[in-house]
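The data block below is my_file_37.txt; it holds compact mmCIF, C-alpha atoms.
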# COMPACT_ATOMS: atom_id res chain seq x y z
CA MET A 178 100.63 102.60 61.82
CA ASP A 179 99.62 105.58 63.81
CA GLU A 180 101.07 108.71 62.23
CA LEU A 181 99.73 110.98 64.93
CA LYS A 182 101.33 108.95 67.74
CA THR A 183 104.63 108.99 65.84
CA LEU A 184 104.37 112.74 65.40
CA ILE A 185 103.66 113.19 69.11
CA LYS A 186 106.76 111.18 70.01
CA GLU A 187 108.80 113.29 67.59
CA LEU A 188 107.55 116.66 68.84
CA GLU A 189 107.44 116.26 72.61
CA HIS A 190 110.43 117.18 74.76
CA GLU A 191 111.82 115.79 77.98
CA PRO A 192 111.43 118.12 80.97
CA PRO A 193 114.59 120.12 81.80
CA HIS A 194 116.05 120.46 85.30
CA SER A 195 115.07 124.12 85.26
CA LEU A 196 111.46 123.00 85.70
CA ALA A 197 112.26 123.11 89.44
CA ARG A 198 111.93 126.91 89.13
CA GLN A 199 108.24 126.45 88.39
CA ARG A 200 107.89 124.34 91.53
CA LEU A 201 109.39 127.20 93.49
CA ARG A 202 106.83 129.55 91.93
CA LEU A 203 104.08 127.30 93.22
CA THR A 204 105.50 126.82 96.71
CA GLN A 205 106.06 130.57 97.04
CA GLU A 206 102.41 131.23 96.29
CA ALA A 207 101.33 128.34 98.52
CA SER A 208 103.37 129.59 101.46
CA THR A 209 101.55 132.92 101.46
CA ALA A 210 98.06 131.48 100.87
CA PRO A 211 95.46 131.59 103.64
CA ARG A 212 95.52 128.37 105.55
CA GLY A 213 91.95 127.32 104.87
CA ARG A 214 89.70 125.97 107.55
CA ARG A 215 92.50 126.06 110.06
CA TRP A 216 91.83 129.78 110.47
CA ARG A 217 88.90 128.86 112.62
CA ARG A 218 91.34 127.77 115.27
CA LEU A 219 93.67 130.71 114.80
CA LEU A 220 91.33 133.29 116.15
CA PRO A 221 91.89 135.07 119.40
CA PHE A 222 88.54 134.35 120.98
CA GLY A 223 86.49 131.29 121.56
CA ARG A 224 83.72 131.68 123.98
CA ARG A 225 81.47 133.85 121.88
CA THR A 226 81.38 131.40 119.02
CA GLY A 227 81.92 128.36 121.14
CA LEU A 228 85.12 127.59 119.26
CA GLU A 229 87.34 125.08 120.86
CA ARG A 230 90.63 126.81 120.43
CA PRO A 231 90.65 130.28 121.94
CA LEU A 232 94.24 131.32 121.41
CA LEU A 233 95.57 133.57 118.76
CA SER A 234 98.15 131.26 117.41
CA GLY A 235 100.94 131.31 114.93
CA ARG A 236 100.55 127.64 114.42
CA ARG A 237 103.08 126.48 111.88
CA LEU A 238 102.72 129.63 109.82
CA ALA A 239 106.41 130.28 110.00
CA MET A 240 107.56 126.71 110.23
CA GLY A 241 105.24 125.47 107.50
CA ALA A 242 106.71 127.94 105.07
CA ALA A 243 110.23 127.04 106.13
CA VAL A 244 109.59 123.34 105.58
CA ALA A 245 108.12 123.97 102.15
CA ALA A 246 111.01 126.19 101.08
CA ALA A 247 113.52 123.66 102.30
CA VAL A 248 111.84 120.86 100.40
CA ALA A 249 111.81 122.95 97.25
CA ALA A 250 115.50 123.65 97.58
CA GLY A 251 116.24 120.07 98.43
CA VAL A 252 118.03 120.71 101.70
CA ALA A 253 117.39 119.22 105.09
CA VAL A 254 115.43 121.10 107.71
CA PRO A 255 117.89 121.60 110.54
CA SER A 256 117.12 119.96 113.80
CA LEU A 257 115.64 122.22 116.40
CA LEU A 258 117.00 119.97 119.12
CA GLY A 259 120.71 120.18 119.75
CA SER A 260 122.49 119.71 123.00
CA ALA A 261 125.39 121.90 121.92
CA LYS A 262 123.08 124.84 121.36
CA PRO A 263 121.47 127.03 124.00
CA ALA A 264 117.80 126.36 124.71
CA TYR A 265 116.78 129.55 122.94
CA ALA A 266 118.09 132.79 121.51
CA LEU A 267 116.74 136.28 121.96
CA THR A 268 117.83 139.07 119.65
CA GLU A 269 116.64 142.63 119.35
CA ASN A 270 115.74 143.86 115.89
CA GLN A 271 116.31 147.42 114.70
CA ASP A 272 112.62 148.26 114.96
CA GLY A 273 112.64 147.41 118.67
CA SER A 274 111.00 144.02 118.24
CA ILE A 275 112.48 140.97 119.91
CA ASN A 276 113.09 137.78 117.99
CA LEU A 277 112.80 134.53 119.90
CA LYS A 278 114.20 131.32 118.47
CA ILE A 279 113.73 128.17 120.49
CA TYR A 280 116.30 125.43 119.98
CA ASP A 281 115.52 123.18 122.87
CA PHE A 282 112.44 122.74 124.90
CA ARG A 283 113.46 123.20 128.48
CA ASN A 284 113.53 125.84 131.11
CA PRO A 285 110.53 128.08 130.36
CA GLU A 286 111.07 129.95 133.65
CA HIS A 287 114.51 131.04 132.51
CA LEU A 288 113.06 132.33 129.25
CA GLU A 289 110.41 134.25 131.17
CA LYS A 290 113.10 135.91 133.28
CA ASP A 291 115.14 136.82 130.21
CA LEU A 292 112.10 138.29 128.48
CA ALA A 293 111.33 140.31 131.63
CA LYS A 294 114.82 141.81 131.41
CA TRP A 295 113.89 143.00 127.91
CA GLY A 296 110.73 144.53 129.30
CA VAL A 297 108.32 141.80 128.25
CA PRO A 298 106.19 140.22 130.97
CA ALA A 299 105.65 136.70 129.67
CA ASP A 300 104.04 133.41 130.63
CA ILE A 301 105.65 130.51 128.72
CA THR A 302 104.29 126.96 128.61
CA TYR A 303 106.08 124.09 126.86
CA LEU A 304 104.06 121.10 125.71
CA PRO A 305 104.76 118.14 123.46
CA LEU A 306 103.24 118.47 119.98
CA GLY A 307 99.84 116.83 119.97
CA LYS A 308 98.82 118.45 123.25
CA ARG A 309 97.40 121.84 123.93
CA CYS A 310 95.80 123.74 126.77
CA GLY A 311 92.10 122.95 126.74
CA ASN A 312 91.09 125.82 128.98
CA ASN A 313 90.97 129.51 128.15
CA ARG A 314 93.34 130.19 131.05
CA ALA A 315 93.04 133.96 131.08
CA PRO A 316 90.75 136.85 130.10
CA PHE A 317 90.70 137.98 126.48
CA LEU A 318 91.53 141.49 125.34
CA LYS A 319 88.86 143.64 123.76
CA GLY A 320 91.20 144.37 120.87
CA ASP A 321 91.27 140.67 119.99
CA ASP A 322 87.57 140.50 119.20
CA ILE A 323 87.62 140.73 115.43
CA GLY A 324 83.87 140.15 115.22
CA ALA A 325 83.95 137.26 112.80
CA THR A 326 80.76 135.27 112.30
CA GLU A 327 80.60 131.49 112.41
CA GLU A 328 79.82 131.60 108.70
CA GLU A 329 82.99 133.53 107.91
CA LEU A 330 85.05 131.23 110.09
CA SER A 331 83.95 128.10 108.28
CA SER A 332 84.11 129.65 104.81
CA SER A 333 86.57 128.16 102.37
CA ASP A 334 86.23 131.16 100.08
CA ALA A 335 89.67 132.66 99.48
CA ALA A 336 88.46 136.28 99.64
CA THR A 337 86.64 135.73 102.94
CA GLN A 338 89.71 134.07 104.37
CA ALA A 339 91.89 136.93 103.19
CA THR A 340 89.76 139.58 104.91
CA LEU A 341 89.58 137.40 108.00
CA ARG A 342 93.33 137.15 108.05
CA GLU A 343 93.62 140.89 107.59
CA ARG A 344 91.36 141.51 110.57
CA LEU A 345 93.21 138.90 112.59
CA GLN A 346 96.49 140.62 111.86
CA LYS A 347 95.07 143.88 113.17
CA SER A 348 94.13 142.32 116.51
CA SER A 349 96.03 143.52 119.59
CA SER A 350 97.59 140.12 120.24
CA TYR A 351 98.84 139.69 116.69
CA GLN A 352 100.39 143.15 116.78
CA ALA A 353 102.41 142.12 119.82
CA ILE A 354 103.21 138.44 119.12
CA ARG A 355 103.79 137.54 115.51
CA PRO A 356 104.74 134.30 113.76
CA GLN A 357 107.67 135.90 111.95
CA ASP A 358 111.08 134.24 111.77
CA GLY A 359 110.18 132.00 114.66
CA ILE A 360 108.38 134.18 117.18
CA THR A 361 108.75 137.95 117.07
CA ILE A 362 107.52 140.03 119.98
CA TYR A 363 106.78 143.74 119.65
CA PRO A 364 107.10 145.28 123.15
CA ARG A 365 105.67 148.61 121.94
CA HIS A 366 102.34 146.84 121.36
CA ILE A 367 102.22 145.48 124.90
CA LYS A 368 100.46 147.95 127.21
CA PRO A 369 101.31 148.20 130.91
CA GLY A 370 99.59 145.38 132.80
CA GLU A 371 99.44 143.08 129.79
CA ILE A 372 101.21 139.72 129.72
CA ALA A 373 102.40 137.83 126.64
CA MET A 374 101.01 134.32 127.14
CA ILE A 375 102.81 131.87 124.86
CA GLU A 376 102.45 128.11 124.50
CA VAL A 377 105.10 126.26 122.54
CA MET A 378 104.49 122.73 121.30
CA GLU A 379 107.49 120.64 120.36
CA ASN A 380 107.57 117.60 118.09
CA PRO A 381 109.88 114.95 119.63
CA VAL A 382 110.54 113.65 116.10
CA THR A 383 112.49 116.14 114.02
CA PRO A 384 110.96 116.53 110.56
CA THR A 385 113.17 115.78 107.58
CA VAL A 386 112.86 116.43 103.86
CA GLU A 387 111.71 112.85 103.36
CA ARG A 388 109.19 113.10 106.16
CA PRO A 389 108.15 116.73 106.53
CA GLY A 390 106.16 117.59 109.56
CA VAL A 391 105.59 120.22 112.14
CA ALA A 392 108.84 120.72 114.05
CA TRP A 393 107.13 122.92 116.57
CA GLN A 394 104.30 125.37 116.75
CA PHE A 395 103.21 128.05 119.10
CA SER A 396 100.16 129.90 120.22
CA GLY A 397 100.32 133.31 121.78
CA ARG A 398 98.09 136.14 122.89
CA LEU A 399 98.05 139.03 125.26
CA THR A 400 96.06 139.01 128.45
CA THR A 401 95.70 141.18 131.52
CA GLY A 402 95.67 138.08 133.74
CA PRO A 403 95.22 136.36 136.05
CA ILE A 404 96.50 133.27 134.22
CA GLU A 405 95.29 129.83 135.28
CA PRO A 406 97.47 126.75 134.88
CA CYS A 407 97.22 124.90 131.56
CA LYS A 408 94.81 121.96 131.51
CA VAL A 409 96.50 119.69 128.97
CA VAL A 410 94.25 118.03 126.37
CA ALA A 411 94.99 116.13 123.14
CA ASP A 412 95.26 118.09 119.88
CA PRO A 413 94.82 115.56 117.07
CA SER A 414 95.30 118.19 114.36
CA ALA A 415 98.75 119.16 115.62
CA ASN A 416 100.79 117.29 113.05
CA ASP A 417 98.58 118.04 110.07
CA ILE A 418 101.27 119.40 107.84
CA GLY A 419 103.16 116.13 107.75
CA ASP A 420 100.61 113.43 108.19
CA ALA A 421 99.06 113.37 104.75
CA THR A 422 101.54 110.57 104.28
CA PRO A 423 101.26 108.28 107.23
CA PRO A 424 104.23 106.01 106.54
CA PRO A 425 103.31 102.38 107.07
CA GLY A 426 104.16 101.16 110.52
CA SER A 427 104.71 104.52 112.05
CA MET B 9 113.07 116.52 93.16
CA VAL B 10 111.56 115.56 96.45
CA THR B 11 108.09 114.14 96.74
CA ASP B 12 106.70 114.61 100.19
CA THR B 13 103.60 112.54 99.69
CA SER B 14 103.32 108.78 99.56
CA PRO B 15 102.24 107.37 96.18
CA LEU B 16 99.41 105.67 98.05
CA VAL B 17 97.71 109.00 98.70
CA VAL B 18 95.30 109.79 95.87
CA ASP B 19 95.32 113.19 94.14
CA SER B 20 91.94 114.23 95.51
CA GLU B 21 93.23 113.74 99.08
CA ILE B 22 96.23 115.94 98.34
CA ILE B 23 93.96 118.65 96.97
CA ALA B 24 91.58 118.40 99.93
CA SER B 25 94.39 118.59 102.48
CA SER B 26 95.95 121.54 100.63
CA LEU B 27 92.89 123.60 101.60
CA ASP B 28 94.20 123.49 105.15
CA ASP B 29 97.88 123.31 104.33
CA PRO B 30 98.50 124.97 100.96
CA GLU B 31 102.11 123.74 100.76
CA LYS B 32 100.84 120.20 100.34
CA PHE B 33 99.74 121.10 96.83
CA ALA B 34 103.36 120.84 95.70
CA ALA B 35 102.98 117.07 95.82
CA LEU B 36 100.80 117.36 92.69
CA PHE B 37 103.61 119.20 90.94
CA ASP B 38 105.98 116.35 91.73
CA ARG B 39 103.51 113.90 90.25
CA TYR B 40 102.46 115.70 87.10
CA ALA B 41 104.88 118.49 86.11
CA ALA B 42 106.95 116.24 83.81
CA MET B 43 103.83 114.84 82.15
CA LEU B 44 102.44 118.35 81.56
CA TYR B 45 105.77 119.51 80.19
CA ARG B 46 105.74 116.72 77.58
CA TYR B 47 102.20 117.56 76.56
CA ILE B 48 102.72 121.32 76.30
CA SER B 49 106.12 120.98 74.60
CA PHE B 50 104.60 118.67 71.98
CA ARG B 51 102.07 121.32 71.05
CA LEU B 52 103.96 124.58 71.63
CA GLY B 53 107.63 123.64 71.75
CA PRO B 54 110.06 123.78 74.69
CA GLU B 55 110.35 127.59 74.75
CA LEU B 56 106.86 128.18 76.12
CA ALA B 57 106.36 124.84 77.88
CA GLU B 58 108.27 125.54 81.06
CA ASP B 59 106.45 128.75 81.93
CA LEU B 60 103.07 127.25 81.06
CA VAL B 61 103.66 124.28 83.36
CA GLY B 62 104.15 126.83 86.15
CA GLU B 63 101.03 128.73 85.04
CA THR B 64 98.98 125.52 84.97
CA PHE B 65 99.86 124.75 88.58
CA LEU B 66 99.23 128.29 89.79
CA ILE B 67 95.77 128.28 88.19
CA ALA B 68 95.06 124.81 89.59
CA PHE B 69 96.23 125.91 93.02
CA ARG B 70 93.95 128.96 93.03
CA ARG B 71 90.98 126.86 91.93
CA ARG B 72 91.64 123.91 94.21
CA ALA B 73 88.67 124.71 96.46
CA ALA B 74 86.35 124.07 93.50
CA TYR B 75 87.89 120.67 92.68
CA ASP B 76 85.36 117.83 92.85
CA ILE B 77 87.08 115.32 95.12
CA ALA B 78 84.84 112.55 93.79
CA TYR B 79 87.46 112.38 91.01
CA ARG B 80 90.53 110.76 92.50
CA GLU B 81 92.83 111.48 89.56
CA ALA B 82 93.81 115.10 88.96
CA ARG B 83 95.48 114.33 85.62
CA PRO B 84 92.48 115.20 83.39
CA TRP B 85 91.89 118.39 85.38
CA LEU B 86 95.49 119.54 84.99
CA LEU B 87 95.61 118.60 81.31
CA GLY B 88 92.39 120.56 80.81
CA ILE B 89 93.91 123.68 82.38
CA ALA B 90 97.04 123.24 80.26
CA THR B 91 94.93 122.79 77.12
CA LYS B 92 93.12 126.06 77.78
CA LEU B 93 96.45 127.82 78.21
CA ILE B 94 97.68 126.30 74.94
CA THR B 95 94.54 127.56 73.19
CA GLY B 96 95.59 131.05 74.24
CA HIS B 97 98.80 130.48 72.29
CA ARG B 98 97.16 128.91 69.25
CA ARG B 99 98.97 131.20 66.82
CA SER B 100 102.28 129.89 68.14
CA GLU B 101 100.97 126.36 67.83
CA VAL B 102 99.87 126.78 64.22
CA SER B 103 103.09 128.47 63.16
CA ARG B 104 105.01 125.68 64.89
CA TYR B 105 103.24 123.06 62.74
CA ARG B 106 103.85 125.17 59.63
CA ALA B 107 107.55 125.49 60.43
CA LEU B 108 107.85 121.76 61.11
CA GLU B 109 106.18 121.04 57.75
CA ARG B 110 108.97 122.95 56.01
CA GLN B 111 111.78 121.42 58.09
CA GLY B 112 110.94 117.74 57.80
CA PRO B 113 111.82 115.20 60.48
CA ALA B 114 115.08 115.46 62.39
CA GLN B 115 116.65 112.19 61.25
CA THR B 116 118.39 111.93 57.87
CA VAL B 117 117.25 109.44 55.29
CA GLU B 118 119.85 106.75 54.72
CA GLY B 119 119.97 103.08 53.84
CA PRO B 120 118.67 100.69 51.26
CA GLU B 121 116.20 101.69 48.65
CA GLU B 122 113.18 100.17 50.40
CA ALA B 123 113.84 102.07 53.59
CA ILE B 124 114.21 105.31 51.65
CA THR B 125 110.85 104.74 49.99
CA ARG B 126 109.25 103.97 53.35
CA ASP B 127 110.75 107.06 54.94
CA LEU B 128 109.65 109.26 52.08
CA THR B 129 106.11 107.93 52.46
CA ALA B 130 106.24 108.57 56.18
CA GLN B 131 107.58 112.05 55.52
CA GLY B 132 104.77 112.69 53.09
CA SER B 133 102.11 111.72 55.61
CA ARG B 134 103.94 113.68 58.30
CA THR B 135 103.74 116.85 56.22
CA ALA B 136 100.09 116.18 55.43
CA LEU B 137 99.33 115.57 59.09
CA LEU B 138 101.04 118.77 60.23
CA ASN B 139 99.13 120.67 57.56
CA ALA B 140 95.86 119.11 58.70
CA LEU B 141 96.56 119.96 62.36
CA ALA B 142 97.25 123.56 61.41
CA LEU B 143 93.94 123.73 59.53
CA LEU B 144 91.73 122.25 62.25
CA SER B 145 89.50 124.56 64.26
CA ARG B 146 90.87 125.11 67.75
CA GLY B 147 88.05 123.18 69.44
CA ASP B 148 88.55 120.17 67.19
CA ARG B 149 92.32 120.33 67.56
CA ASP B 150 92.12 120.54 71.36
CA ALA B 151 89.83 117.51 71.55
CA LEU B 152 91.88 115.46 69.07
CA LEU B 153 95.32 116.20 70.52
CA LEU B 154 94.25 115.94 74.16
CA VAL B 155 92.69 112.51 73.61
CA ALA B 156 95.44 111.27 71.26
CA TRP B 157 98.19 112.41 73.59
CA SER B 158 96.73 111.32 76.92
CA ASP B 159 94.55 108.31 75.96
CA MET B 160 91.85 109.66 78.25
CA THR B 161 88.23 108.57 77.94
CA TYR B 162 85.52 110.74 76.36
CA GLU B 163 84.15 111.41 79.84
CA GLU B 164 87.53 112.53 81.14
CA ALA B 165 88.08 114.72 78.08
CA ALA B 166 84.64 116.27 78.56
CA ARG B 167 85.48 117.14 82.14
CA ALA B 168 88.95 118.40 81.21
CA LEU B 169 87.63 120.66 78.46
CA ASP B 170 84.46 121.55 80.38
CA ILE B 171 82.17 120.59 77.48
CA PRO B 172 79.48 117.88 77.15
CA VAL B 173 80.55 114.34 76.23
CA GLY B 174 78.50 114.58 73.02
CA THR B 175 80.52 117.62 71.97
CA VAL B 176 83.78 115.76 72.60
CA LYS B 177 82.57 112.92 70.39
CA SER B 178 81.46 115.16 67.55
CA ARG B 179 84.68 117.20 67.67
CA LEU B 180 86.78 114.04 67.63
CA ASN B 181 84.78 112.59 64.73
CA ARG B 182 85.11 115.75 62.72
CA ALA B 183 88.83 116.11 63.46
CA ARG B 184 89.54 112.47 62.62
CA ARG B 185 87.57 112.70 59.39
CA LYS B 186 89.59 115.70 58.25
CA ILE B 187 92.89 114.08 59.20
CA ARG B 188 91.89 110.85 57.46
CA ARG B 189 91.07 112.74 54.30
CA THR B 190 94.48 114.40 54.19
CA LEU B 191 96.25 111.11 54.85
CA GLY B 192 94.41 109.43 52.00
CA GLY B 193 91.85 107.38 53.84
CA VAL B 194 94.06 106.10 56.67
CA ASN B 195 92.68 106.87 60.09
CA PRO B 196 95.64 107.85 62.24
CA LEU B 197 93.79 106.98 65.42
CA GLU B 198 92.51 103.58 64.37
CA GLU B 199 94.11 100.93 66.50
CA HIS B 200 95.12 98.07 64.24
CA ASP B 201 95.45 95.63 67.10
CA HIS B 202 91.74 95.94 67.70
CA GLY B 203 91.34 93.56 64.78
For this file, produce the structure as structure tokens.
Amino acid sequence: MDELKTLIKELEHEPPHSLARQRLRLTQEASTAPRGRRWRRLLPFGRRTGLERPLLSGRRLAMGAAVAAAVAAGVAVPSLLGSAKPAYALTENQDGSINLKIYDFRNPEHLEKDLAKWGVPADITYLPLGKRCGNNRAPFLKGDDIGATEEELSSSDAATQATLRERLQKSSSYQAIRPQDGITIYPRHIKPGEIAMIEVMENPVTPTVERPGVAWQFSGRLTTGPIEPCKVVADPSANDIGDATPPPGS
Amino acid sequence: MVTDTSPLVVDSEIIASSLDDPEKFAALFDRYAAMLYRYISFRLGPELAEDLVGETFLIAFRRRAAYDIAYREARPWLLGIATKLITGHRRSEVSRYRALERQGPAQTVEGPEEAITRDLTAQGSRTALLNALALLSRGDRDALLLVAWSDMTYEEAARALDIPVGTVKSRLNRARRKIRRTLGGVNPLEEHDHG
């Protein structure tokens, strides 16, 4: 007989339900962690380093955190597509910033007009998730050049990523268009002559708790124009947050 | 609790993808939190176990970039982190064994005379075993309890404890010898079904 095995069985305890609190601790830290190699594509310039994705983008920063929090709490992520709802909602915050929540992906021209009424010249493009604009479309602002080296961009070191993120957040475009609570636009950071160029990518399949995914993502930056039309190309990384688990047959 | 990752995805893939999407790391929690809770609660009791499960995952998360994805199973890695945290609470562990020695097992002794004799013998070896565990050096105790609890190989234990395989073997031998001595020549880890 194995006394030690018997003792182990006697002394160990079954996990309590409150262990879920520790999961929350982890997801809270994870939701604020730098998003690894993806930062390469988040940066507001491309030509100097030859990077493919030139837009400052809030890709799934907000939505990714929301999905994770919802999973932790065990509730469903609400559908972003609803015919009863308006296509989008604009609200002004106390600090003068404008919050944009998109419920349905239609009518970008109408949204542009509404934003203009709030004093924000905007260029909105809607695309299905999995596509993106392959061209730079418009000139970059000086204040978006954060001077990162190729080495820094490909680094997986947490400290390097943190400083990179800090610099990114100081860029002119990030000051004006932030991935907070959906999309939050700060008109006071948009100088006369500058246009907020925003691309929104929608996932036709609404993510659920069982099958988390990217509901939508956006890219945005400021430019002085002129803005060329979007040349649509495939973006295979678009659904990264949910496709670690390709369900069979999907 | 919701698991957002298919059981077909191996641990190393979860860790690798969490470098890009940190939230994905939670899938490891769903796989291993209960297992870690059992291990930590066995050694430290339920009071400390819950918090240390959380600590284990936070440490693992922060070190995930250094994980060698050649190892598909994250279990030894996580148990190794938990073991190091337990070592930091070794005074609590030792006083837990001492307290359990005094208390005796939870169930009451009842029944025919033979059963009483058997239970008393078991209780005697239980007390001796707890005493021996309390007396082991922390390195020997970590190696013995990690391997006995998890049934991992020497190689896995070496990786978990970040020590050479030879050290694992010598610690296990020494720990088993001491335990055997206190139990009167019976090796608690000898598998009788091996023949």
Practice item. Between A:Lys408, A:Pro298, A:Gln346, A:Ala336, single out the one closest to Lys368 in chain A, counting all atoms listed in the file. Key: A:Pro298
Exercise for review: Tell me, as a ChimeraX atom specification, which residues lie within 10 Å of Pro193 in chain A, counting all atoms listed in the file; anything in the same chain fewer than 2 positions away does not count.
Suggested key: /A:190-191,195-197 /B:42,45,54,58
Practice item. Give the answer as one residue: which of B:Asp29, B:Asp76, B:Asp170, B:Asp148 has the shortest atom-to-atom distance to Ile187 in chain B, using all atoms listed in the file? Key: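 Among B:Asp29, B:Asp76, B:Asp170, B:Asp148, it is B:Asp148 that comes nearest to Ile187 in chain B.
Put simply, CA of Tyr363 in chain A is 26.0 Å away from CA of Pro305 in chain A.
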**Study point:** Neighbour list for Leu169 in chain B as a PyMOL selection string, cut-off 12 Å, all atoms listed in the file, skip fewer than 2 positions in-chain
**Key:** chain B and resi 84-93+95+147-155+160+162-167+171-173+175-176+179
Point to revise | Residue with smallest distance to chain B - pool A:Leu201, A:Ala266, A:Met374, A:Val297, counting all atoms listed in the file | key: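 The answer is A:Leu201, which sits nearest to chain B.
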Please produce range 328-350 of chain A, completed to N, CA and C atoms, as a short mmCIF file (atom, residue, chain, number, x, y, z; two decimals), in the frame of the given file.
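Okay, out-v4.cif is ready:
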data_model
loop_
_atom_site.label_atom_id
_atom_site.label_comp_id
_atom_site.auth_asym_id
_atom_site.auth_seq_id
_atom_site.Cartn_x
_atom_site.Cartn_y
_atom_site.Cartn_z
N GLU A 328 79.85 131.82 110.14
CA GLU A 328 79.82 131.60 108.70
C GLU A 328 81.18 131.94 108.06
N GLU A 329 81.69 133.10 108.45
CA GLU A 329 82.99 133.53 107.91
C GLU A 329 84.09 132.56 108.31
N LEU A 330 83.99 132.09 109.57
CA LEU A 330 85.05 131.23 110.09
C LEU A 330 85.10 129.90 109.35
N SER A 331 83.94 129.41 108.92
CA SER A 331 83.95 128.10 108.28
C SER A 331 84.02 128.22 106.77
N SER A 332 84.09 129.46 106.26
CA SER A 332 84.11 129.65 104.81
C SER A 332 85.43 129.18 104.22
N SER A 333 85.33 128.55 103.05
CA SER A 333 86.57 128.16 102.37
C SER A 333 86.85 129.12 101.22
N ASP A 334 86.05 130.17 101.13
CA ASP A 334 86.23 131.16 100.08
C ASP A 334 87.52 131.97 100.32
N ALA A 335 88.35 132.04 99.31
CA ALA A 335 89.67 132.66 99.48
C ALA A 335 89.56 134.13 99.89
N ALA A 336 88.60 134.85 99.34
CA ALA A 336 88.46 136.28 99.64
C ALA A 336 88.03 136.47 101.09
N THR A 337 87.08 135.64 101.55
CA THR A 337 86.64 135.73 102.94
C THR A 337 87.81 135.44 103.88
N GLN A 338 88.57 134.41 103.53
CA GLN A 338 89.71 134.07 104.37
C GLN A 338 90.74 135.19 104.40
N ALA A 339 90.91 135.84 103.26
CA ALA A 339 91.89 136.93 103.19
C ALA A 339 91.48 138.09 104.09
N THR A 340 90.19 138.47 104.06
CA THR A 340 89.76 139.58 104.91
C THR A 340 89.82 139.17 106.38
N LEU A 341 89.51 137.89 106.63
CA LEU A 341 89.58 137.40 108.00
C LEU A 341 91.01 137.49 108.51
N ARG A 342 91.91 137.10 107.65
CA ARG A 342 93.33 137.15 108.05
C ARG A 342 93.76 138.60 108.29
N GLU A 343 93.28 139.48 107.42
CA GLU A 343 93.62 140.89 107.59
C GLU A 343 93.15 141.42 108.95
N ARG A 344 91.91 141.06 109.28
CA ARG A 344 91.36 141.51 110.57
C ARG A 344 92.13 140.88 111.72
N LEU A 345 92.45 139.60 111.56
CA LEU A 345 93.21 138.90 112.59
C LEU A 345 94.55 139.60 112.83
N GLN A 346 95.16 140.01 111.73
CA GLN A 346 96.49 140.62 111.86
C GLN A 346 96.42 142.01 112.48
N LYS A 347 95.21 142.57 112.52
CA LYS A 347 95.07 143.88 113.17
C LYS A 347 94.76 143.74 114.65
N SER A 348 94.50 142.52 115.11
CA SER A 348 94.13 142.32 116.51
C SER A 348 95.31 142.69 117.42
N SER A 349 94.98 143.07 118.65
CA SER A 349 96.03 143.52 119.59
C SER A 349 97.08 142.44 119.79
N SER A 350 96.64 141.19 119.96
CA SER A 350 97.59 140.12 120.24
C SER A 350 98.54 139.88 119.07
#
